[in-house]
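For reference, the structure discussed in these notes is given below.
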Amino acid sequence: MSAFLRKILLISLVGCYVPASQAELTLEITKGIESAIPIAVVPFGWTGSKDRAPEDLAPIIQADLSRSGLLKTLPVGEMLTMPSKANHVRFRNWQALGQEYLVIGEISEVVDKQYQVQFQLFNVYRGEQFLGYRLTVSEKELRRTAHHISDLIYEKLTNKKGVFGTRLAYITTTSKANKKLYKLIIADADGFEPRVIASSLEPIMSPTWSPDGKQIAYVSFENKRSAIFVQTLANGKRERVASYKGINGAPSFSPDGTRLALTLSKDGSTDIYILNLNNRSLTKITKSYGIDTEPSWSPDGKTIVYTSDRGGKPQLYTVPSNGGKAKRLTFEGDYNARGQFSLDGKNIAMVHANRGDYRIAVMDMATRTVNVLTAGRYDEAPSFSPNGEMVLYASRKGNKNVLSAVSIDGRMQQNLSFDNGDVREPAWSP
Amino acid sequence: MNNFKKYGFTFTLAVAFHLGILAMFGISYFSEPEIAEVKPLPEIIQATVLDDVTIMEEAKRLKDNKKNKEIAQQEKQKKLEDNRKKEEKLLNKAKEKRIKEEKQAEKLEKKRQENELKEKKLATERKERAIKEKERLEQIKKDKVKAKAKAKKQQEEKERLDKERKEKKQKAEKKRKADLAAEQKAEAVRKEAARQKQEADAKAKADQDRKATISYSDAIRRKVINHWIKPPLATKGMNCLISVTLLPSGDVMSATVTRGSGDSVFDRSAENAVRKASPLPVPEERELFNRTFRSFNFNFTPE
């Protein structure tokens, strides 16, 4: 064997030896930090006839994303640069600020009151675009466009449906000259753009959304006695669907939107009825000497969950939506009421009271375990967000009622501030 | 014996000479004239019955016989006379011959004496020569013995030398072998010592590397943990393997999800954590860095 070959052999042996000598290192990471994901939303650029854009979308998006609790936005004051075009982005700047994601955008005036909005989402550490859209909108759609962008970003980053483009219905009470004014208001999910759709000096209660989000049913005492109205949002038309003797309360749309479950006491006892909205036929599905109220449909439409005090204290029961035997659902605590199915049917949100504190709880339908989510004293009227992630509810803050939202695992809680008085009975749109 | 051998020849010659003389006398004795006594043979008559013819023949034969007897007598007389004369003649002749022979003997004796003298001289010479020869032979013999002894001695010397040489050679060989063995042993000991040292060094290095690896791994892990925003819905059992390549500065050159959890949000959070933690704390020692930290894996798996 020649020296050359020997050398080659030696080299190849050495070459084999080195990688075989050690298995590759693998480090286990089992812990992380509890934190929202840092994201910078740079104020959008503007090109148009006026000095400024009619609406700055960045703050709307920042507020949306921050409110989710999963993302945390960088204050504009801390930004080193404010690029609005991709080729001006220096990822190192954003890495230096610890930002994982970056949103830049531009609004340009196409014609009067018509704008083109474009935005891009970047993964800062990978240094690449993650999402990009261009939309043409009217001036009054700009705000909704911002929520839409928030939804797109949120969905991309969390794999969960965004709810920033949804709306809330709620009741406010304002006092003026010893008189109370009740208003049914619909607002964007961020509380902006409130719109009064009904007002009365008599109480308005229990607003609820139709499954298509186009109608709202509610109870109004405007004629000094309770009646149930269904109001179409697009044109403000409303229809009185129940005005029986005694109580007319707690309407709830069936998942297909054709029926309304409600509480009536027309026959003496307070029971759950199903009202067919097409032919107005009425079916009584509970029969007890106690009070049965606050019905809510399961997503498949087959079951109604409701509150009954037939056992002495209010507890949740279920009954088939076409009538049948009622089954008690809750056994923990001395008060469980206002049950509501999540859209996937896996959870039921409720007001759960124990020793005088009323809190929001969620029951896992698979295990029947009840998880108390809030720590208030007078928390009420839980309503699931359309993505099932959050529960919106009313709570007392000082001597005012405010709206709050909590994630269904209880880890995230946020207050939605409305400066227009007492806010109660929120209902999250589909 | 030696004497006989030496004078044998002379002695024999002398004996032969005397015997020759004696023989000559003997012959003379026997040649004396014989006095023969001739005695008439008795007549033997045989009485036989004869026939007429036979008688006649017989009568005739008898008659002849008588005559023949007279003739024979005469002849015999004559013959005797002849013989006597012959004898006399012979006697004379013998007498002459004897005188001649006596003279001859005298001469011979003289010659013999001379010869004897000569012989003696010769014998002496011979004897001397023999002695000399003997001495020479003895000398030769001696020399031979001497030579033999010398040769033997030489042979012995040679053998001794050979033996010595051989022994010396063997000894040298033995020594060489012993030296070689000793050297080999020493070499083996040296090698073993070197090997042990190398092993000890390698072990110490490996130990040091292991400790460094653990310490840097901990530091890296801490840094990544501090940068990993664990998604709220990350649950136990989720698993995301990320393979990273670093620069010697610790800067993350690449981070790739090599086995995802099935949840893109989870995987991305892990990948971003690694990138955010860049630069990672890595050993300055290039060899350890190359071997262990240039490329390795993270396994993100929530507790």
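Following the order of the structure tokens, chains are lettered A, B, ..., residues in each are numbered from 1, and ligands are numbered from 1.
Using only C-alpha atoms, the chain B residues found within 7 Å of chain A amount to Arg221, Ile225, Asn226, Trp228, Ile229, Lys230, Val265, Asn272, Arg275, Lys276, Thr292, Phe296, Asn297, Phe298, Asn299, Phe300, Thr301, Pro302 and Glu303 of chain B.
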Same residues, C-alpha atoms, saved as a compact mmCIF listing (two decimals), in the first residue's frame:
# COMPACT_ATOMS: atom_id res chain seq x y z
CA ARG B 221 -31.08 26.31 28.46
CA ILE B 225 -36.20 29.38 28.84
CA ASN B 226 -36.12 33.12 29.54
CA TRP B 228 -39.62 31.14 25.37
CA ILE B 229 -43.09 32.55 25.58
CA LYS B 230 -44.89 29.32 26.20
CA VAL B 265 -48.09 28.17 17.03
CA ASN B 272 -38.59 32.18 17.98
CA ARG B 275 -33.66 32.90 17.70
CA LYS B 276 -34.44 35.45 20.37
CA THR B 292 -20.81 19.81 20.69
CA PHE B 296 -27.27 20.57 18.31
CA ASN B 297 -30.96 20.21 19.11
CA PHE B 298 -33.55 21.70 21.38
CA ASN B 299 -36.51 19.65 22.44
CA PHE B 300 -39.35 21.87 23.57
CA THR B 301 -41.64 19.79 25.71
CA PRO B 302 -43.76 21.48 28.38
CA GLU B 303 -43.85 19.97 31.82
If you run DSSP on this backbone, which residues of stretch 15-263 of chain B come out as strand (DSSP E or B), and could you give them as a VMD selection string?
chain B and resid 229 240 to 246 252 to 259
Pairwise distance for atom CA of A:Val89 and atom CA of A:Ala58, rounded to one decimal in Å:
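Going from atom CA of A:Val89 over to atom CA of A:Ala58 covers 16.7 Å.
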Determine, counting only C-alpha atoms, which protein, DNA and RNA residues have an atom within 12 Å of an atom of A:Met350; residues of the same chain fewer than 3 positions away are not included. Present the result as a PyMOL selection string.
chain A and resi 294-296+305-307+314-317+329-330+332-333+335-342+347+353+358-364+370-374+379-384+391-393+408
With C-alpha atoms retained, export the selected residues as a PDB file, in the first residue's frame.
ATOM      1  CA  GLU A 294     -83.019  31.411  31.644  1.00  0.00           C
ATOM      2  CA  PRO A 295     -83.104  28.783  28.879  1.00  0.00           C
ATOM      3  CA  SER A 296     -80.140  28.366  26.519  1.00  0.00           C
ATOM      4  CA  VAL A 305     -80.046  24.196  29.802  1.00  0.00           C
ATOM      5  CA  TYR A 306     -81.993  26.321  32.270  1.00  0.00           C
ATOM      6  CA  THR A 307     -82.208  27.489  35.861  1.00  0.00           C
ATOM      7  CA  PRO A 314     -81.380  27.794  41.920  1.00  0.00           C
ATOM      8  CA  GLN A 315     -79.493  25.070  40.058  1.00  0.00           C
ATOM      9  CA  LEU A 316     -78.929  24.232  36.406  1.00  0.00           C
ATOM     10  CA  TYR A 317     -80.972  21.542  34.732  1.00  0.00           C
ATOM     11  CA  LEU A 329     -76.721  19.401  36.058  1.00  0.00           C
ATOM     12  CA  THR A 330     -75.097  21.287  38.931  1.00  0.00           C
ATOM     13  CA  GLU A 332     -71.726  22.321  43.626  1.00  0.00           C
ATOM     14  CA  GLY A 333     -72.453  25.531  45.472  1.00  0.00           C
ATOM     15  CA  TYR A 335     -76.510  28.955  43.534  1.00  0.00           C
ATOM     16  CA  ASN A 336     -75.903  28.121  39.879  1.00  0.00           C
ATOM     17  CA  ALA A 337     -77.789  30.117  37.275  1.00  0.00           C
ATOM     18  CA  ARG A 338     -77.756  31.647  33.812  1.00  0.00           C
ATOM     19  CA  GLY A 339     -76.280  28.701  32.050  1.00  0.00           C
ATOM     20  CA  GLN A 340     -74.986  29.166  28.500  1.00  0.00           C
ATOM     21  CA  PHE A 341     -73.481  26.623  26.123  1.00  0.00           C
ATOM     22  CA  SER A 342     -70.270  27.464  24.373  1.00  0.00           C
ATOM     23  CA  ASN A 347     -68.574  24.027  28.159  1.00  0.00           C
ATOM     24  CA  ALA A 353     -72.452  31.532  44.059  1.00  0.00           C
ATOM     25  CA  TYR A 358     -71.478  35.586  42.720  1.00  0.00           C
ATOM     26  CA  ARG A 359     -68.825  34.559  40.278  1.00  0.00           C
ATOM     27  CA  ILE A 360     -68.474  33.349  36.749  1.00  0.00           C
ATOM     28  CA  ALA A 361     -67.745  29.643  36.404  1.00  0.00           C
ATOM     29  CA  VAL A 362     -67.424  27.189  33.544  1.00  0.00           C
ATOM     30  CA  MET A 363     -68.454  23.580  33.659  1.00  0.00           C
ATOM     31  CA  ASP A 364     -66.568  21.118  31.489  1.00  0.00           C
ATOM     32  CA  VAL A 370     -66.807  23.362  37.591  1.00  0.00           C
ATOM     33  CA  ASN A 371     -64.017  25.896  37.244  1.00  0.00           C
ATOM     34  CA  VAL A 372     -64.601  29.290  38.843  1.00  0.00           C
ATOM     35  CA  LEU A 373     -63.038  31.956  36.650  1.00  0.00           C
ATOM     36  CA  THR A 374     -63.614  35.240  38.423  1.00  0.00           C
ATOM     37  CA  ASP A 379     -70.402  38.973  38.626  1.00  0.00           C
ATOM     38  CA  GLU A 380     -73.293  38.199  36.323  1.00  0.00           C
ATOM     39  CA  ALA A 381     -74.634  37.495  32.840  1.00  0.00           C
ATOM     40  CA  PRO A 382     -71.841  35.405  31.288  1.00  0.00           C
ATOM     41  CA  SER A 383     -71.699  35.268  27.513  1.00  0.00           C
ATOM     42  CA  PHE A 384     -69.246  33.252  25.423  1.00  0.00           C
ATOM     43  CA  VAL A 391     -66.494  34.784  28.600  1.00  0.00           C
ATOM     44  CA  LEU A 392     -67.911  38.290  28.683  1.00  0.00           C
ATOM     45  CA  TYR A 393     -69.753  39.257  31.854  1.00  0.00           C
ATOM     46  CA  ILE A 408     -62.110  30.188  29.857  1.00  0.00           C
TER      47      ILE A 408
END
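For A:Ser298, the set of protein, DNA and RNA residues having any atom at most 12 Å away, when counting only C-alpha atoms and skipping those fewer than 3 positions along the same chain, is Ser252, Phe253, Ser254, Pro255, Asp256, Ala261, Pro295, Gly301, Lys302, Thr303, Ile304, Val305, Tyr306, Thr318, Val319, Pro320, Ser321, Gly339, Gln340, Phe341, Ser342, Leu343, Asp344, Gly345, Lys346, Asn347, Ile348 and Met365 of chain A.
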Considering only C-alpha atoms, return as a PyMOL selection string whatever protein or nucleic-acid residues lie within 10 Å of A:Leu403, sequence-local ones (same chain, fewer than 6 positions apart) excluded.
chain A and resi 170+191+379-381+392-397+414-418+422-426
So the first atom is atom CA of A:Asp300 and the second is atom CA of A:Ser407; what is the distance between them in Å, to one decimal place?
23.6 Å
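Coordinates place atom CA of A:Trp428 at a distance of 9.7 Å from atom CA of A:Gly213.
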Within 9 Å of A:Val137 using only C-alpha atoms, minus same-chain residues under 3 positions, as a compact mmCIF listing (two decimals) with N, CA and C atoms, in the first residue's frame:
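Once written, out-v7.txt looks like this:
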# COMPACT_ATOMS: atom_id res chain seq x y z
N LYS A 113 -62.94 59.61 -0.34
CA LYS A 113 -63.61 58.68 0.57
C LYS A 113 -63.37 57.19 0.22
N GLN A 114 -62.47 56.95 -0.68
CA GLN A 114 -62.11 55.57 -0.99
C GLN A 114 -60.61 55.39 -0.74
N TYR A 115 -60.32 54.33 -0.02
CA TYR A 115 -58.91 54.15 0.38
C TYR A 115 -58.44 52.74 0.09
N GLN A 116 -57.14 52.69 -0.19
CA GLN A 116 -56.53 51.37 -0.28
C GLN A 116 -55.70 51.18 0.99
N VAL A 117 -56.00 50.08 1.66
CA VAL A 117 -55.24 49.76 2.89
C VAL A 117 -54.40 48.52 2.61
N LYS A 140 -65.96 55.06 6.10
CA LYS A 140 -66.60 54.59 7.33
C LYS A 140 -66.31 53.11 7.62
N GLU A 141 -65.70 52.43 6.66
CA GLU A 141 -65.33 51.03 6.90
C GLU A 141 -63.92 50.91 7.48
N LEU A 142 -63.22 52.03 7.62
CA LEU A 142 -61.82 51.98 8.03
C LEU A 142 -61.64 51.31 9.39
N THR A 145 -62.17 47.75 9.18
CA THR A 145 -61.01 47.18 8.49
C THR A 145 -59.86 46.93 9.47
